[in-house]
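Everything on this sheet refers to the single structure shown next.
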2 protein chains.
Amino acid sequence: MILIGERINGMFTDVKEAIAAKNKQTIQELAKKQTEAGATYLDVNVGTAAADQEGTMQWLVETIQETCSTPLCLDSQKSSVIAAGLKVINAEAGVILNSTPLNKKTDEEILDKYIEMANQAGPKASIITLTMDKNGVPQDIDTRVAIAAEIVQKAMEKGFDTQRLFIDPIVLPVKVPNAQVQAGNILAAMDQIRYLADPTPHMTVGLSNVSQGATERSLINRVFLAMAMSHGLDSAIVDVLDEKLVNVVATAEMLMNKQIYSDSFLKAYVAANKA
Amino acid sequence: MILIGERINGMFTDVKEAIAAKNKQTIQELAKKQTEAGATYLDVNVGTAAADQEGTMQWLVETIQETCSTPLCLDSQKSSVIAAGLKVINAEAGVILNSTPLNKKTDEEILDKYIEMANQAGPKASIITLTMDKNGVPQDIDTRVAIAAEIVQKAMEKGFDTQRLFIDPIVLPVKVPNAQVQAGNILAAMDQIRYLADPTPHMTVGLSNVSQGATERSLINRVFLAMAMSHGLDSAIVDVLDEKLVNVVATAEMLMNKQIYSDSFLKAYVAANKA
């Protein structure tokens, strides 16, 4: 399971304050703690408060890299912010560009642009592509799958390895009226997306979205993650500091026969991830 | 979710001792506690220690019915023990005959016999049928599905409503060498079994089997149950007194849109089940 640690995000108060005060220590501690907890990548999102988003992204990337070699996942809705991060990143061990829809009303060829950016960043640069197009977020299974198929097709046309794609079917909060049905739809979409190409593209979700505004957030996250892993999800942006969540990941991997059972399978999972 | 409480089973020391001492109180408390916790049915299994299994089954059924009207699930590998229980049961609210394979080397027509017994017990009597035949427990997906199809076909031929079938794809302990792969196989089998008939037969598992002999039993049970519910499982024989497990059931039902989200969805689930 490719776990992308979500905590270095300007939407969290501690990170927002650290950005404002240029306090490296808070950021570096979050980088180290998440790596210790089993993060494969660290998400980096400047949030909305910073005036200079491009400069802030560069400061965050440089700050993290001073202390930690865990690959980064540059997270912004603006391609200019991701591009700024790529200028200062060490992408040898990998980097994820997070994220792009298939296309936008104002920029039809946005995925093409991201493929170009990823290729420039190096052979281990991947892209999170949302099953979303100029019409917005789909509300049904079929449109999600159709957009995913277009994404895969476009990658193949460009000679971009489908294993460098992380397809994100977009999880909506169960608390939002009418959105609850989407949780089941996403699992059904995953059942089809996993067979769109061989080798299969990765699939990822921004897990914490599912419980946004809800009670029992960690429980909802854990249950949805276990379900999704049994439908082919092999990556997620998560609170990797939630030990119960990581234990569910280890258990689900074991039950899906991706890790052998031993009496210490929980510890073995985290140890293997750190190695 | 149809939860079948597993605790009244002579394999547990307290129940074994209560059977030996004809101590009604222990049995009746387990019946009440499991009902309170959200059990739809109470499993009743005399275990292996009792000399007179038929008489013990009748004593257990009568003891439970003195205090509690929750429907029972008569659990024995011997049809004579189930038949004995049926003689004294109040089956108006339902009863489950637990369980029979499709056929046995020594008794080819065993499922026919169970259908007859269920019909005699009344219109709300159901049967747990294992995806198992005279060759034993299948080790692959296809044989599980093929046996399930034969079970459904036989029920249809006999005019036995497929909604009175609980198909059990047989969960094996992950700790047993080579059995770990079966967890994933069972989920894949469920994906097909759910479409064998319309209306679909129920699907159930003896959940605690998956973690037999393992560490982290409750965690393994919870994660596998969440996964299985997203593949169509709508019943399970479980430790309903494990509150964390029931919370996972409530969360999974909410995520699969079988219960609407509210901030008190965990309490609402148990309250609705008791009603």
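Ordered as shown in the structure tokens, chains take letters A, B, and onward, while each chain numbers its residues from 1 and ligands are numbered from 1 in the order shown.
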Sorted per-residue table, chain B near chain A, closest atoms and distance, 7 Å, only C-alpha atoms, as CSV:
```
residue,atom,partner,partner_atom,distance
B:Val174,CA,A:Tyr261,CA,6.7
B:Lys175,CA,A:Tyr261,CA,6.3
B:Gln180,CA,A:Asn257,CA,6.2
B:Val181,CA,A:Asn257,CA,5.6
B:Ala183,CA,A:Leu255,CA,5.9
B:Gly184,CA,A:Met256,CA,5.3
B:Ala214,CA,A:Asp263,CA,6.5
B:Thr215,CA,A:Asp263,CA,5.6
B:Ile220,CA,A:Thr251,CA,6.2
B:Val223,CA,A:Ala226,CA,6.0
B:Ala226,CA,A:Met227,CA,5.8
B:Met227,CA,A:Met227,CA,4.3
B:Ser230,CA,A:Met227,CA,5.9
B:Val248,CA,A:Val223,CA,6.6
B:Thr251,CA,A:Ile220,CA,6.2
B:Ala252,CA,A:Val223,CA,6.4
B:Leu255,CA,A:Ala183,CA,5.9
B:Met256,CA,A:Gly184,CA,5.3
B:Asn257,CA,A:Val181,CA,5.6
B:Tyr261,CA,A:Lys175,CA,6.3
B:Asp263,CA,A:Thr215,CA,5.6
```
Same residues, C-alpha atoms, saved as a PDB file, in the first residue's frame:
```pdb
ATOM      1  CA  VAL B 174      -5.480 -16.873   7.873  1.00  0.00           C
ATOM      2  CA  LYS B 175      -3.027 -18.476  10.261  1.00  0.00           C
ATOM      3  CA  GLN B 180      -4.472 -16.966   3.658  1.00  0.00           C
ATOM      4  CA  VAL B 181      -5.175 -16.734  -0.063  1.00  0.00           C
ATOM      5  CA  ALA B 183      -9.773 -14.637   2.193  1.00  0.00           C
ATOM      6  CA  GLY B 184      -9.428 -12.858  -1.144  1.00  0.00           C
ATOM      7  CA  ALA B 214      -4.191 -15.569  15.224  1.00  0.00           C
ATOM      8  CA  THR B 215      -3.116 -12.501  17.170  1.00  0.00           C
ATOM      9  CA  ILE B 220      -8.750  -9.158  11.734  1.00  0.00           C
ATOM     10  CA  VAL B 223     -11.314  -5.619   8.689  1.00  0.00           C
ATOM     11  CA  ALA B 226     -15.885  -4.478   6.379  1.00  0.00           C
ATOM     12  CA  MET B 227     -14.360  -5.853   3.187  1.00  0.00           C
ATOM     13  CA  SER B 230     -18.653  -4.254   0.431  1.00  0.00           C
ATOM     14  CA  VAL B 248     -17.805  -1.400  12.084  1.00  0.00           C
ATOM     15  CA  THR B 251     -20.307   2.204   9.657  1.00  0.00           C
ATOM     16  CA  ALA B 252     -20.139  -0.219   6.736  1.00  0.00           C
ATOM     17  CA  LEU B 255     -21.068   3.699   3.758  1.00  0.00           C
ATOM     18  CA  MET B 256     -22.951   1.181   1.585  1.00  0.00           C
ATOM     19  CA  ASN B 257     -25.980   3.498   1.826  1.00  0.00           C
ATOM     20  CA  TYR B 261     -25.718   9.158   7.799  1.00  0.00           C
ATOM     21  CA  ASP B 263     -24.170  12.279  13.658  1.00  0.00           C
TER      22      ASP B 263
END
```
Surrounding residues of segment 23-40 of chain B excluding itself and chain neighbours under 2 positions, 6 Å, only C-alpha atoms, as a compact mmCIF listing (two decimals) with C-alpha atoms, in the first residue's frame:
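This went into selection.txt:
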```txt
# COMPACT_ATOMS: atom_id res chain seq x y z
CA ILE B 2 -28.31 -9.97 9.84
CA LEU B 3 -26.06 -10.58 12.83
CA ILE B 4 -26.09 -14.06 14.34
CA GLY B 5 -24.67 -14.01 17.87
CA ALA B 18 -23.52 -24.26 32.14
CA ALA B 21 -24.51 -28.09 35.43
CA ILE B 64 -33.40 -19.40 25.86
CA VAL B 270 -28.17 -0.63 17.39
CA ASN B 273 -31.75 -3.48 15.20
CA LYS B 274 -33.35 -3.90 18.60
```
query = Among segment 203-247 of chain A, which residues carry a DSSP assignment of strand (DSSP E or B), reported as a list in words?
reply = Met203, Gly206, Ser235, Ala236, Ile237 and Val238 of chain A
Write the residues of the selection above to a file with C-alpha atoms, as a PDB file, in the first residue's frame.
```
ATOM      1  CA  MET A 203      -5.699   3.954  -7.619  1.00  0.00           C
ATOM      2  CA  GLY A 206      -8.038  11.459  -0.448  1.00  0.00           C
ATOM      3  CA  SER A 235      -2.689   3.999  -2.452  1.00  0.00           C
ATOM      4  CA  ALA A 236      -4.340   6.644  -0.303  1.00  0.00           C
ATOM      5  CA  ILE A 237      -3.654  10.091   1.089  1.00  0.00           C
ATOM      6  CA  VAL A 238      -4.192   9.491   4.778  1.00  0.00           C
TER       7      VAL A 238
END
```
inquiry  = Can you tell me which residues surround segment 42-58 of chain B at a distance of at most 8 Å, considering only C-alpha atoms, apart from same-chain residues fewer than 3 positions away, and format the answer as a PyMOL selection string?
reply    = chain B and resi 4-11+16+19-20+31+34-35+39+61-62+70-76+80-82+84-85+87-88+237
Take the residues just selected and output them with N, CA, C and O atoms as a short mmCIF file (atom, residue, chain, number, x, y, z; two decimals), in the first residue's frame.
```
data_model
loop_
_atom_site.label_atom_id
_atom_site.label_comp_id
_atom_site.auth_asym_id
_atom_site.auth_seq_id
_atom_site.Cartn_x
_atom_site.Cartn_y
_atom_site.Cartn_z
N ILE B 4 -25.77 -12.84 13.59
CA ILE B 4 -26.09 -14.06 14.34
C ILE B 4 -25.08 -14.16 15.48
O ILE B 4 -23.87 -14.32 15.24
N GLY B 5 -25.57 -14.02 16.71
CA GLY B 5 -24.67 -14.01 17.87
C GLY B 5 -24.09 -15.40 18.13
O GLY B 5 -24.83 -16.37 18.23
N GLU B 6 -22.78 -15.48 18.25
CA GLU B 6 -22.09 -16.79 18.27
C GLU B 6 -21.89 -17.40 19.66
O GLU B 6 -21.40 -18.51 19.78
N ARG B 7 -22.27 -16.64 20.73
CA ARG B 7 -21.75 -16.99 22.05
C ARG B 7 -22.35 -18.23 22.71
O ARG B 7 -21.74 -18.84 23.57
N ILE B 8 -23.59 -18.60 22.34
CA ILE B 8 -24.16 -19.79 23.00
C ILE B 8 -23.69 -21.03 22.25
O ILE B 8 -24.38 -21.61 21.42
N ASN B 9 -22.47 -21.39 22.58
CA ASN B 9 -21.78 -22.48 21.88
C ASN B 9 -20.96 -23.24 22.91
O ASN B 9 -20.16 -22.65 23.65
N GLY B 10 -21.17 -24.54 22.97
CA GLY B 10 -20.51 -25.38 23.97
C GLY B 10 -18.99 -25.41 23.84
O GLY B 10 -18.30 -25.97 24.70
N MET B 11 -18.46 -24.78 22.78
CA MET B 11 -17.01 -24.69 22.67
C MET B 11 -16.46 -23.62 23.62
O MET B 11 -15.27 -23.64 23.93
N LYS B 16 -20.10 -24.46 28.14
CA LYS B 16 -19.87 -25.89 28.39
C LYS B 16 -20.19 -26.24 29.85
O LYS B 16 -20.88 -27.22 30.14
N ILE B 19 -23.93 -26.03 30.52
CA ILE B 19 -24.62 -27.22 30.00
C ILE B 19 -24.45 -28.39 30.98
O ILE B 19 -25.42 -29.06 31.33
N ALA B 20 -23.22 -28.58 31.43
CA ALA B 20 -22.93 -29.70 32.34
C ALA B 20 -23.73 -29.57 33.64
O ALA B 20 -24.24 -30.56 34.17
N ALA B 31 -28.12 -14.86 26.17
CA ALA B 31 -29.19 -14.60 25.21
C ALA B 31 -29.62 -13.14 25.28
O ALA B 31 -29.74 -12.46 24.25
N GLN B 34 -26.70 -10.61 24.17
CA GLN B 34 -26.49 -10.58 22.71
C GLN B 34 -27.64 -9.88 22.00
O GLN B 34 -27.44 -9.17 21.01
N THR B 35 -28.85 -10.08 22.51
CA THR B 35 -30.01 -9.41 21.91
C THR B 35 -29.88 -7.90 22.07
O THR B 35 -30.08 -7.14 21.12
N ALA B 39 -28.05 -8.55 18.16
CA ALA B 39 -28.15 -9.83 17.43
C ALA B 39 -29.54 -9.99 16.81
O ALA B 39 -30.56 -9.77 17.48
N VAL B 61 -32.59 -24.62 23.73
CA VAL B 61 -33.66 -23.88 23.04
C VAL B 61 -34.74 -23.48 24.06
O VAL B 61 -35.17 -22.31 24.10
N GLU B 62 -35.15 -24.41 24.88
CA GLU B 62 -36.20 -24.12 25.87
C GLU B 62 -35.72 -23.09 26.89
O GLU B 62 -36.47 -22.18 27.27
N THR B 70 -35.81 -13.72 20.74
CA THR B 70 -34.94 -13.58 19.56
C THR B 70 -34.90 -14.90 18.79
O THR B 70 -34.72 -15.96 19.41
N PRO B 71 -35.07 -14.84 17.48
CA PRO B 71 -35.02 -16.09 16.70
C PRO B 71 -33.70 -16.81 16.84
O PRO B 71 -32.66 -16.18 17.07
N LEU B 72 -33.73 -18.12 16.69
CA LEU B 72 -32.53 -18.93 16.93
C LEU B 72 -31.97 -19.49 15.63
O LEU B 72 -32.66 -19.59 14.61
N CYS B 73 -30.71 -19.83 15.71
CA CYS B 73 -29.98 -20.42 14.59
C CYS B 73 -29.41 -21.72 15.14
O CYS B 73 -28.45 -21.71 15.91
N LEU B 74 -30.03 -22.84 14.78
CA LEU B 74 -29.67 -24.14 15.36
C LEU B 74 -28.45 -24.69 14.63
O LEU B 74 -28.50 -24.98 13.45
N ASP B 75 -27.36 -24.79 15.38
CA ASP B 75 -26.04 -25.00 14.79
C ASP B 75 -25.50 -26.37 15.18
O ASP B 75 -25.14 -26.61 16.33
N SER B 76 -25.45 -27.27 14.21
CA SER B 76 -24.86 -28.59 14.44
C SER B 76 -24.49 -29.19 13.10
O SER B 76 -25.11 -28.89 12.09
N SER B 80 -29.80 -34.64 13.06
CA SER B 80 -30.66 -35.11 14.16
C SER B 80 -30.68 -34.10 15.30
O SER B 80 -31.71 -33.94 15.98
N VAL B 81 -29.58 -33.40 15.51
CA VAL B 81 -29.52 -32.40 16.59
C VAL B 81 -30.37 -31.18 16.22
O VAL B 81 -31.12 -30.64 17.04
N ILE B 82 -30.29 -30.78 14.95
CA ILE B 82 -31.12 -29.66 14.49
C ILE B 82 -32.60 -30.06 14.54
O ILE B 82 -33.44 -29.28 14.99
N ALA B 84 -33.99 -32.15 16.50
CA ALA B 84 -34.43 -32.16 17.90
C ALA B 84 -34.77 -30.74 18.36
O ALA B 84 -35.81 -30.51 18.99
N GLY B 85 -33.93 -29.78 18.00
CA GLY B 85 -34.19 -28.38 18.36
C GLY B 85 -35.50 -27.89 17.74
O GLY B 85 -36.28 -27.18 18.38
N LYS B 87 -38.12 -29.46 17.15
CA LYS B 87 -39.32 -30.02 17.81
C LYS B 87 -39.84 -29.11 18.92
O LYS B 87 -41.03 -29.11 19.22
N VAL B 88 -38.95 -28.37 19.55
CA VAL B 88 -39.37 -27.57 20.71
C VAL B 88 -39.32 -26.07 20.44
O VAL B 88 -39.61 -25.25 21.31
N ILE B 237 -22.10 -14.74 11.34
CA ILE B 237 -22.10 -15.28 12.70
C ILE B 237 -20.91 -14.63 13.39
O ILE B 237 -19.77 -14.83 12.96
#
```
task = Rounded to one decimal place, report the atom CA of Pro101 of chain B-atom CA of Asp14 of chain B distance in Å.
result = 29.3 Å
task = List the neighbours of segment 119-126 of chain A out to 7 Å using only C-alpha atoms; skip same-chain residues closer than 4 positions along the sequence, and give me the result as a PyMOL selection string.
result = chain A and resi 86+91-97+115+164-165
Env of Gln192 of chain A: 10 Å cut, atoms = only C-alpha atoms, seq-sep filter 4 positions within chain, self excluded. Answer as a PDB file with C-alpha atoms, in the first residue's frame.
```
ATOM      1  CA  ILE A 141     -20.174   4.898 -11.683  1.00  0.00           C
ATOM      2  CA  ASP A 142     -20.092   4.849 -15.476  1.00  0.00           C
ATOM      3  CA  ARG A 144     -16.070   7.836 -13.447  1.00  0.00           C
ATOM      4  CA  VAL A 145     -14.957   4.747 -15.353  1.00  0.00           C
ATOM      5  CA  ALA A 146     -15.301   6.475 -18.746  1.00  0.00           C
ATOM      6  CA  ALA A 148     -10.572   6.954 -16.151  1.00  0.00           C
ATOM      7  CA  ALA A 149     -10.492   5.142 -19.498  1.00  0.00           C
ATOM      8  CA  LEU A 187     -15.991   0.958  -4.972  1.00  0.00           C
ATOM      9  CA  ALA A 188     -17.948  -0.191  -8.023  1.00  0.00           C
ATOM     10  CA  LEU A 196      -8.432  -0.670 -17.699  1.00  0.00           C
ATOM     11  CA  HIS A 231     -11.646  -3.407  -4.503  1.00  0.00           C
ATOM     12  CA  GLY A 232      -8.099  -2.724  -5.708  1.00  0.00           C
TER      13      GLY A 232
END
```
message = Env of Lys158 of chain A: 12 Å cut, atoms = only C-alpha atoms, seq-sep filter 2 positions within chain, self excluded. Answer as a VMD selection string.
response = chain A and resid 111 to 116 118 to 119 151 to 156 160 to 162
Residues flagged alpha helix (DSSP H) by DSSP in segment 34-256 of chain B, as a PyMOL selection string = chain B and resi 34-36+53-65+79-88+110-121+141-157+181-193+217-229+243-255
request  = For Asn209 of chain B, work out the shell of residues within 7 Å, counting only C-alpha atoms and skipping chain neighbours fewer than 6 positions away, then give it as a list in words.
outcome  =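 With the cut-off at 7 Å, the set is Val171, Leu172 and Pro173 of chain B.
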Produce a file of the selected residues containing N, CA, C and O atoms, as a compact mmCIF listing (two decimals), in the first residue's frame.
```txt
# COMPACT_ATOMS: atom_id res chain seq x y z
N VAL B 171 -15.10 -19.44 5.37
CA VAL B 171 -13.89 -18.68 5.67
C VAL B 171 -12.92 -19.57 6.42
O VAL B 171 -13.29 -20.23 7.38
N LEU B 172 -11.67 -19.56 5.99
CA LEU B 172 -10.64 -20.37 6.66
C LEU B 172 -9.71 -19.45 7.45
O LEU B 172 -9.59 -18.27 7.15
N PRO B 173 -9.07 -19.99 8.49
CA PRO B 173 -8.18 -19.16 9.32
C PRO B 173 -6.96 -18.70 8.53
O PRO B 173 -6.29 -19.51 7.89
```
